[in-house]
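> File protein17.tsv below, TSV, C-alpha atoms:
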```tsv
chain	number	residue	atom	x	y	z
A	1	MET	CA	26.95	34.63	41.35
A	2	ASN	CA	29.39	36.27	38.91
A	3	LYS	CA	28.84	36.54	35.15
A	4	LEU	CA	31.18	33.62	34.28
A	5	THR	CA	29.39	31.31	36.68
A	6	MET	CA	26.01	32.32	35.27
A	7	ASN	CA	27.18	31.61	31.72
A	8	LEU	CA	28.50	28.18	32.71
A	9	PHE	CA	25.24	27.39	34.48
A	10	ALA	CA	23.19	28.44	31.41
A	11	ALA	CA	25.35	26.28	29.14
A	12	LEU	CA	24.83	23.29	31.44
A	13	ILE	CA	21.05	23.77	31.42
A	14	PHE	CA	21.09	23.95	27.60
A	15	LEU	CA	23.04	20.70	27.32
A	16	LEU	CA	20.76	18.90	29.73
A	17	LEU	CA	17.69	19.95	27.77
A	18	SER	CA	19.12	19.14	24.34
A	19	PRO	CA	17.27	16.28	22.55
A	20	GLU	CA	20.59	14.98	21.22
A	21	ILE	CA	21.85	14.56	24.77
A	22	PHE	CA	18.70	12.66	25.67
A	23	ALA	CA	19.22	10.62	22.49
A	24	GLN	CA	22.43	9.26	23.97
A	25	THR	CA	20.66	8.15	27.16
A	26	ILE	CA	20.20	4.51	26.26
A	27	ILE	CA	18.07	1.98	28.11
A	28	LYS	CA	18.25	-1.78	27.89
A	29	THR	CA	14.90	-3.53	27.39
A	30	GLU	CA	13.90	-7.16	27.21
A	31	GLY	CA	15.49	-9.39	24.59
A	32	GLY	CA	18.80	-7.57	24.48
A	33	VAL	CA	17.31	-4.49	22.75
A	34	TYR	CA	18.69	-1.06	23.62
A	35	THR	CA	16.73	2.13	22.95
A	36	THR	CA	17.07	5.86	23.28
A	37	ARG	CA	14.45	7.92	25.02
A	38	GLU	CA	11.86	9.50	22.78
A	39	ILE	CA	13.39	12.23	20.63
A	40	ARG	CA	11.29	14.98	19.06
A	41	ALA	CA	11.70	17.50	16.27
A	42	LYS	CA	9.41	19.82	14.31
A	43	ILE	CA	9.60	22.31	11.49
A	44	LYS	CA	7.21	24.86	10.02
A	45	ILE	CA	6.06	24.01	6.51
A	46	GLY	CA	5.74	27.54	5.12
A	47	ASP	CA	4.44	27.23	1.56
A	48	ARG	CA	5.71	23.66	1.11
A	49	THR	CA	3.02	21.07	0.38
A	50	SER	CA	4.90	17.77	0.46
A	51	LEU	CA	7.10	15.58	2.64
A	52	GLN	CA	9.93	13.47	1.25
A	53	ILE	CA	11.20	10.61	3.41
A	54	ARG	CA	14.41	8.83	2.49
A	55	ALA	CA	16.14	6.09	4.44
A	56	ALA	CA	19.43	4.32	3.96
A	57	SER	CA	19.06	1.04	2.10
A	58	ASN	CA	20.41	-0.96	5.05
A	59	LEU	CA	18.43	0.78	7.82
A	60	PRO	CA	15.20	-0.97	8.94
A	61	GLY	CA	12.39	0.47	10.99
A	62	LYS	CA	8.78	1.50	11.26
A	63	LEU	CA	7.01	4.68	10.18
A	64	THR	CA	3.60	5.72	11.48
A	65	ILE	CA	2.18	8.74	9.66
A	66	GLU	CA	-0.92	10.67	10.72
A	67	VAL	CA	-2.48	14.03	9.91
A	68	ALA	CA	-3.64	16.98	12.01
A	69	ARG	CA	-4.65	20.59	11.61
A	70	THR	CA	-1.16	22.00	11.92
A	71	ASP	CA	1.33	24.21	10.11
A	72	LYS	CA	4.25	21.98	11.08
A	73	VAL	CA	5.76	18.61	10.32
A	74	LYS	CA	6.45	16.88	13.62
A	75	ILE	CA	8.37	13.71	14.38
A	76	SER	CA	8.90	11.70	17.54
A	77	TYR	CA	11.19	8.72	17.30
A	78	PHE	CA	13.34	6.12	19.00
A	79	LYS	CA	16.68	4.83	17.81
A	80	LYS	CA	17.09	1.19	18.75
A	81	ALA	CA	19.77	-1.47	18.55
A	82	LYS	CA	20.11	-5.15	19.26
A	83	ALA	CA	23.66	-5.92	20.29
A	84	ASN	CA	25.79	-8.08	22.53
A	85	SER	CA	26.70	-5.26	24.90
A	86	MET	CA	25.80	-1.71	25.87
A	87	ASP	CA	28.99	-0.37	24.29
A	88	GLU	CA	28.19	-2.07	20.99
A	89	ALA	CA	24.59	-0.78	21.10
A	90	VAL	CA	25.82	2.77	21.74
A	91	ASP	CA	28.10	2.47	18.71
A	92	TYR	CA	25.18	1.34	16.52
A	93	ILE	CA	22.86	4.07	17.74
A	94	ASP	CA	25.51	6.78	17.34
A	95	LEU	CA	25.82	5.81	13.65
A	96	ILE	CA	22.10	6.42	13.00
A	97	ALA	CA	21.02	9.97	12.22
A	98	VAL	CA	17.50	11.38	11.85
A	99	VAL	CA	17.45	14.76	10.10
A	100	LEU	CA	14.34	16.90	9.52
A	101	ARG	CA	14.93	19.95	7.35
A	102	SER	CA	13.36	22.30	4.80
A	103	GLY	CA	14.19	21.86	1.14
A	104	PRO	CA	13.48	24.41	-1.59
A	105	LYS	CA	10.18	22.74	-2.52
A	106	ASN	CA	9.40	20.27	0.27
A	107	ILE	CA	10.11	19.14	3.79
A	108	LYS	CA	12.75	16.42	3.94
A	109	LEU	CA	13.17	13.66	6.49
A	110	GLU	CA	16.42	11.73	6.15
A	111	LEU	CA	17.11	8.50	8.04
A	112	ARG	CA	20.82	7.83	7.74
A	113	SER	CA	23.19	4.99	8.56
A	114	PRO	CA	26.61	4.01	7.23
A	115	ASN	CA	27.05	1.79	4.19
A	116	PRO	CA	28.01	-0.90	4.88
A	117	ALA	CA	26.30	-0.99	8.25
A	118	PRO	CA	28.16	-2.61	11.16
A	119	TRP	CA	25.20	-4.90	11.90
A	120	THR	CA	25.09	-7.92	9.62
A	121	ASP	CA	22.23	-10.24	10.60
A	122	ASP	CA	18.94	-10.58	12.48
A	123	ASN	CA	20.75	-10.99	15.79
A	124	GLN	CA	22.38	-7.57	15.58
A	125	TRP	CA	20.79	-4.47	14.12
A	126	GLY	CA	20.07	-0.80	14.39
A	127	ARG	CA	16.65	0.65	13.55
A	128	VAL	CA	14.39	3.70	13.82
A	129	GLU	CA	10.76	3.73	14.95
A	130	ALA	CA	9.10	7.05	14.20
A	131	LYS	CA	5.70	8.72	14.46
A	132	ILE	CA	5.21	11.58	12.01
A	133	THR	CA	2.43	14.16	12.05
A	134	ILE	CA	1.79	16.28	8.95
A	135	PRO	CA	-0.92	18.67	7.75
A	136	GLU	CA	-4.08	17.27	6.16
A	137	ASN	CA	-4.06	16.75	2.38
A	138	TYR	CA	-0.28	16.78	2.19
A	139	SER	CA	1.68	14.80	-0.42
A	140	VAL	CA	4.15	12.17	0.80
A	141	LEU	CA	6.98	10.39	-1.05
A	142	ILE	CA	8.69	7.52	0.78
A	143	GLU	CA	11.91	5.82	-0.28
A	144	ALA	CA	12.66	3.64	2.73
A	145	PRO	CA	13.06	0.07	1.52
A	146	LEU	CA	13.32	-1.68	4.91
A	147	PHE	CA	10.59	0.24	6.74
A	148	ASP	CA	7.06	-0.88	7.54
A	149	VAL	CA	4.63	1.98	6.91
A	150	THR	CA	1.25	2.68	8.50
A	151	ALA	CA	-0.34	5.89	7.22
A	152	VAL	CA	-3.81	7.35	7.92
A	153	GLY	CA	-4.84	10.49	6.02
A	154	PRO	CA	-6.44	12.33	4.38
A	155	PHE	CA	-3.38	12.64	2.14
A	156	LYS	CA	-3.40	14.35	-1.24
A	157	SER	CA	-1.00	11.73	-2.58
A	158	MET	CA	1.14	8.92	-1.24
A	159	GLU	CA	3.99	7.23	-3.13
A	160	ILE	CA	5.96	4.36	-1.59
A	161	LEU	CA	8.66	3.07	-3.93
A	162	SER	CA	10.67	-0.17	-3.99
A	163	SER	CA	9.72	-1.25	-0.50
A	164	LEU	CA	10.40	-4.53	1.28
A	165	GLY	CA	8.20	-3.58	4.22
A	166	ARG	CA	4.59	-4.14	5.17
A	167	ILE	CA	2.36	-1.28	3.98
A	168	ASN	CA	-1.00	-0.09	5.34
A	169	VAL	CA	-2.41	3.13	3.87
A	170	LYS	CA	-5.82	4.72	4.45
A	171	ASN	CA	-7.54	7.79	3.00
A	172	VAL	CA	-5.79	9.18	-0.08
A	173	THR	CA	-7.74	11.63	-2.22
A	174	ARG	CA	-5.83	11.95	-5.52
A	175	LYS	CA	-2.97	9.50	-6.04
A	176	LEU	CA	-1.65	6.32	-4.44
A	177	VAL	CA	1.39	4.44	-5.78
A	178	VAL	CA	2.82	1.53	-3.78
A	179	SER	CA	5.43	-1.01	-4.85
A	180	THR	CA	6.50	-3.59	-2.29
A	181	THR	CA	7.86	-7.13	-2.31
A	182	ASN	CA	7.26	-10.17	-0.11
A	183	ARG	CA	5.15	-8.25	2.40
A	184	ARG	CA	1.43	-7.70	2.89
A	185	LEU	CA	-0.16	-4.63	1.32
A	186	ASP	CA	-3.41	-3.17	2.73
A	187	VAL	CA	-5.11	0.00	1.46
A	188	SER	CA	-8.54	1.55	2.00
A	189	ASP	CA	-10.57	4.64	1.15
A	190	ILE	CA	-8.56	5.61	-1.93
A	191	THR	CA	-9.72	7.94	-4.72
A	192	GLY	CA	-7.96	8.97	-7.93
A	193	GLU	CA	-4.91	7.44	-9.57
A	194	ILE	CA	-4.14	4.01	-8.09
A	195	SER	CA	-1.14	1.75	-8.70
A	196	LEU	CA	-0.50	-1.19	-6.35
A	197	PHE	CA	2.10	-3.95	-6.66
A	198	THR	CA	3.28	-6.67	-4.32
A	199	SER	CA	4.42	-10.29	-4.49
A	200	ASN	CA	4.43	-13.42	-2.35
A	201	ALA	CA	1.93	-11.89	0.08
A	202	MET	CA	-1.69	-10.84	0.46
A	203	LEU	CA	-2.97	-7.66	-1.24
A	204	THR	CA	-6.22	-6.34	0.23
A	205	ALA	CA	-8.10	-3.17	-0.66
A	206	ARG	CA	-11.37	-1.54	0.39
A	207	ASN	CA	-13.37	1.34	-1.01
A	208	LEU	CA	-11.43	2.31	-4.14
A	209	ILE	CA	-12.67	4.86	-6.69
A	210	SER	CA	-10.77	5.34	-9.95
A	211	LEU	CA	-12.95	7.11	-12.50
A	212	ASP	CA	-10.51	9.28	-14.46
A	213	LYS	CA	-7.61	6.85	-14.88
A	214	ARG	CA	-7.52	3.06	-14.89
A	215	ALA	CA	-6.32	1.54	-11.62
A	216	ASP	CA	-3.37	-0.86	-11.92
A	217	ILE	CA	-3.24	-3.69	-9.35
A	218	GLU	CA	-0.77	-6.60	-9.55
A	219	ASN	CA	0.32	-9.44	-7.28
A	220	GLU	CA	2.69	-12.27	-8.08
A	221	ASN	CA	2.24	-15.42	-6.01
A	222	GLY	CA	-0.40	-14.00	-3.68
A	223	ASP	CA	-4.12	-13.30	-3.27
A	224	ILE	CA	-5.84	-10.10	-4.40
A	225	ARG	CA	-8.97	-9.25	-2.42
A	226	ILE	CA	-10.88	-6.04	-3.07
A	227	ARG	CA	-14.12	-5.01	-1.38
A	228	GLY	CA	-15.72	-1.96	-2.94
A	229	PHE	CA	-14.39	-0.66	-6.26
A	230	LYS	CA	-15.89	1.86	-8.67
A	231	GLY	CA	-14.25	2.77	-11.95
A	232	GLU	CA	-11.91	1.16	-14.44
A	233	LEU	CA	-9.15	-1.30	-13.55
A	234	PHE	CA	-6.41	-3.64	-14.67
A	235	ILE	CA	-5.69	-6.60	-12.39
A	236	GLU	CA	-3.05	-9.25	-12.90
A	237	GLY	CA	-2.39	-12.09	-10.49
A	238	SER	CA	-0.67	-15.45	-10.48
A	239	TYR	CA	-0.78	-18.42	-8.12
A	240	GLY	CA	-3.32	-16.72	-5.90
A	241	ARG	CA	-7.04	-16.00	-5.68
A	242	ILE	CA	-8.51	-12.86	-7.26
A	243	GLN	CA	-11.69	-11.81	-5.50
A	244	LEU	CA	-13.71	-8.60	-5.97
A	245	SER	CA	-16.97	-7.74	-4.25
A	246	ASP	CA	-19.20	-4.68	-4.63
A	247	PHE	CA	-17.56	-4.06	-8.01
A	248	TYR	CA	-19.15	-1.23	-10.05
A	249	ILE	CA	-17.65	-1.20	-13.54
A	250	THR	CA	-17.17	1.88	-15.73
A	251	GLY	CA	-14.92	2.45	-18.73
A	252	ARG	CA	-14.03	0.22	-21.64
A	253	ARG	CA	-10.56	-1.08	-20.70
A	254	ASN	CA	-11.28	-3.28	-17.69
A	255	ILE	CA	-9.01	-6.34	-17.72
A	256	ILE	CA	-8.59	-9.09	-15.12
A	257	LYS	CA	-5.87	-11.69	-15.76
A	258	GLY	CA	-5.22	-14.69	-13.58
A	259	MET	CA	-3.12	-17.83	-13.62
A	260	SER	CA	-3.39	-20.91	-11.40
A	261	GLY	CA	-5.84	-19.24	-9.04
A	262	PRO	CA	-9.65	-18.84	-9.12
A	263	ILE	CA	-11.26	-15.54	-10.08
A	264	LYS	CA	-14.49	-14.59	-8.32
A	265	LEU	CA	-16.36	-11.34	-9.06
A	266	GLU	CA	-19.45	-9.94	-7.36
A	267	ILE	CA	-20.56	-7.15	-9.67
A	268	SER	CA	-22.91	-4.53	-8.23
A	269	GLY	CA	-23.34	-2.65	-11.52
A	270	ILE	CA	-21.91	-2.11	-14.97
A	271	ASP	CA	-22.50	1.13	-16.89
A	272	ARG	CA	-22.00	0.77	-20.66
A	273	ALA	CA	-18.59	-0.69	-19.93
A	274	GLN	CA	-16.37	-3.49	-21.16
A	275	LEU	CA	-14.77	-6.19	-19.02
A	276	ARG	CA	-12.38	-8.88	-20.22
A	277	ILE	CA	-11.42	-11.73	-17.90
A	278	THR	CA	-8.81	-14.39	-18.70
A	279	ASN	CA	-7.61	-17.24	-16.54
A	280	ARG	CA	-5.43	-20.32	-16.80
A	281	PHE	CA	-5.95	-23.62	-14.97
A	282	GLU	CA	-8.70	-22.30	-12.67
A	283	ASP	CA	-12.36	-21.20	-12.69
A	284	ILE	CA	-13.98	-17.86	-13.39
A	285	GLU	CA	-17.11	-17.09	-11.35
A	286	ILE	CA	-19.19	-13.95	-11.99
A	287	ASN	CA	-22.17	-12.95	-9.84
A	288	LEU	CA	-24.13	-9.94	-11.12
A	289	PRO	CA	-27.60	-8.38	-10.93
A	290	ASP	CA	-30.21	-10.33	-12.92
A	291	SER	CA	-31.21	-7.04	-14.59
A	292	THR	CA	-27.75	-6.55	-16.12
A	293	SER	CA	-27.76	-5.43	-19.76
A	294	ALA	CA	-24.71	-7.03	-21.37
A	295	ALA	CA	-23.38	-9.15	-24.21
A	296	PHE	CA	-21.38	-12.16	-22.97
A	297	SER	CA	-18.64	-13.99	-24.88
A	298	LEU	CA	-17.45	-17.05	-22.97
A	299	VAL	CA	-14.82	-19.64	-23.95
A	300	VAL	CA	-13.26	-22.62	-22.19
A	301	ASP	CA	-10.77	-25.30	-23.27
A	302	GLU	CA	-11.60	-28.95	-23.91
A	303	GLY	CA	-13.00	-30.51	-20.76
A	304	GLY	CA	-14.19	-27.19	-19.33
A	305	LYS	CA	-17.82	-26.16	-18.94
A	306	ILE	CA	-19.88	-22.96	-19.04
A	307	GLU	CA	-22.90	-22.52	-16.76
A	308	VAL	CA	-25.31	-19.55	-16.75
A	309	SER	CA	-28.13	-19.36	-14.19
A	310	ASN	CA	-30.73	-16.96	-12.75
A	311	ILE	CA	-30.48	-14.44	-15.58
A	312	ASP	CA	-32.64	-13.98	-18.67
A	313	PHE	CA	-30.64	-14.12	-21.87
A	314	ARG	CA	-30.84	-14.75	-25.60
A	315	THR	CA	-28.36	-17.11	-27.19
A	316	LYS	CA	-26.31	-15.95	-30.15
A	317	LEU	CA	-23.93	-18.91	-30.31
A	318	ILE	CA	-23.69	-22.20	-28.43
A	319	GLU	CA	-20.89	-24.70	-28.98
A	320	HIS	CA	-19.40	-27.36	-26.71
A	321	ASN	CA	-16.78	-24.92	-25.38
A	322	ARG	CA	-18.10	-21.51	-26.46
A	323	MET	CA	-21.19	-19.47	-25.68
A	324	ASN	CA	-22.32	-16.01	-26.79
A	325	LEU	CA	-25.31	-14.56	-24.91
A	326	VAL	CA	-27.18	-11.26	-24.60
A	327	SER	CA	-29.10	-10.06	-21.56
A	328	GLY	CA	-31.28	-6.96	-21.71
A	329	ASN	CA	-30.19	-4.61	-24.48
A	330	GLY	CA	-26.57	-5.79	-24.39
A	331	GLN	CA	-25.28	-2.32	-23.49
A	332	SER	CA	-22.08	-3.60	-21.86
A	333	ILE	CA	-19.63	-6.28	-22.97
A	334	ILE	CA	-18.30	-9.05	-20.71
A	335	SER	CA	-15.88	-11.62	-22.12
A	336	GLY	CA	-14.37	-14.52	-20.24
A	337	SER	CA	-11.93	-17.23	-21.28
A	338	VAL	CA	-10.14	-20.07	-19.51
A	339	ARG	CA	-7.11	-21.87	-20.94
A	340	GLY	CA	-6.29	-25.27	-19.54
A	341	SER	CA	-8.54	-26.87	-16.95
A	342	GLY	CA	-11.21	-24.56	-15.60
A	343	ASN	CA	-14.86	-23.57	-15.89
A	344	ILE	CA	-16.91	-20.38	-16.22
A	345	TYR	CA	-19.96	-19.72	-14.04
A	346	ILE	CA	-22.34	-16.77	-14.57
A	347	ARG	CA	-24.94	-16.33	-11.84
A	348	GLY	CA	-27.59	-13.67	-11.57
A	349	TYR	CA	-29.00	-12.40	-8.31
A	350	ASP	CA	-32.00	-10.22	-7.43
A	351	ASP	CA	-30.83	-6.65	-7.03
```
The structure given in the file should be rewritten as structure tokens.


Amino acid sequence: MNKLTMNLFAALIFLLLSPEIFAQTIIKTEGGVYTTREIRAKIKIGDRTSLQIRAASNLPGKLTIEVARTDKVKISYFKKAKANSMDEAVDYIDLIAVVLRSGPKNIKLELRSPNPAPWTDDNQWGRVEAKITIPENYSVLIEAPLFDVTAVGPFKSMEILSSLGRINVKNVTRKLVVSTTNRRLDVSDITGEISLFTSNAMLTARNLISLDKRADIENENGDIRIRGFKGELFIEGSYGRIQLSDFYITGRRNIIKGMSGPIKLEISGIDRAQLRITNRFEDIEINLPDSTSAAFSLVVDEGGKIEVSNIDFRTKLIEHNRMNLVSGNGQSIISGSVRGSGNIYIRGYDD
């Protein structure tokens, strides 16, 4: 074999092993969906401590993020298309680019497609489905409006901005910021700075701790359900139920605001704190230990009622729609008010 032949043979082997060549090998699956084979890339992080993910505004997909003991950011992904023919699917897939590179301060993952995209409706589309592995306690910023995100840490911080996708995040140690619309938001095992916003969907959270900065949680036209919270919080909801269980209150700026949906709190403890609850057109129900030391200020509109049971208290003021009470030494302050139709129920339980 002469030198020219050997060089040609080596070039052929290189092309056959290139991920980009495999990326163009497209398979048709059920439902008229075409997909590439799995494509992989990785990059050493060096001294970079964060990953920035940006996707084109018209490119949908799914991101699954996990952590490992590694010095690399790794990605495995599929480019997919739904089209009327193989040729059309190849055109769509060729227009999608996935680029993993090092920036001056962080690792960057760019998910690109043309604007405007050639696909125009639910019957034709291009998308990316990716699994990303990063080091433990890394920081992640995601600007990918049409991507669903599932992320399991520990992450140092996670920020997901202006999303229209479903979000599920677990195990963040310092900062979590999520803003999504019209899709369900689920988070768990979060410590530090917390800011969560969604609308027209369920917001659920478990095991949140926010001691140094008040957590901010908002949902328009959807339920808020939190199981396990310690710290200080601001919650605002409308046209949905607000429900907190295992709620340990600290700080003096706790506010819960509802409208046209019931508010139910199961308080496990309150430590020289203040809590203000307001609602419109629905009830407020508070269950708390019968040993709670707090001053209560409770107000309802005409036609509403206030009921207090299973807790020892001293009355300071009783009127037909207002009641001021003190239990124990009154070390904390709890105020509740309902405008429009709605009642207030305070119930003690044996802790």

> At what distance in Å, to one decimal, does atom CA of A:Arg253 lie from atom CA of A:Gly340?

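Going from atom CA of A:Gly340 over to atom CA of A:Arg253 covers 24.6 Å.
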
> For a test of reading the model, state the distance in Å between atom CA of A:Glu136 and atom CA of A:Leu111, rounded to one decimal.

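Going from atom CA of A:Glu136 over to atom CA of A:Leu111 covers 23.0 Å.
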
> Of the residues A:Val33, A:Leu298, A:Met259, A:Ile53, which is the one nearest to A:Lys82, using all atoms listed in the file?

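Counting all atoms listed in the file, the residue closest to A:Lys82 is A:Val33.
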
> For each of A:Ile26, A:Ile93, A:Ile263, A:Met158, take the minimum atom-to-atom distance to A:Tyr239, counting only C-alpha atoms, then give the residue where this is smallest.

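Answer, going by the shortest atom-to-atom distance: A:Ile263.
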
> Have a look at atom CA of A:Pro145 and atom CA of A:Val178 and let me know their distance in Å, one decimal.

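Here the two named atoms are 11.6 Å from each other.
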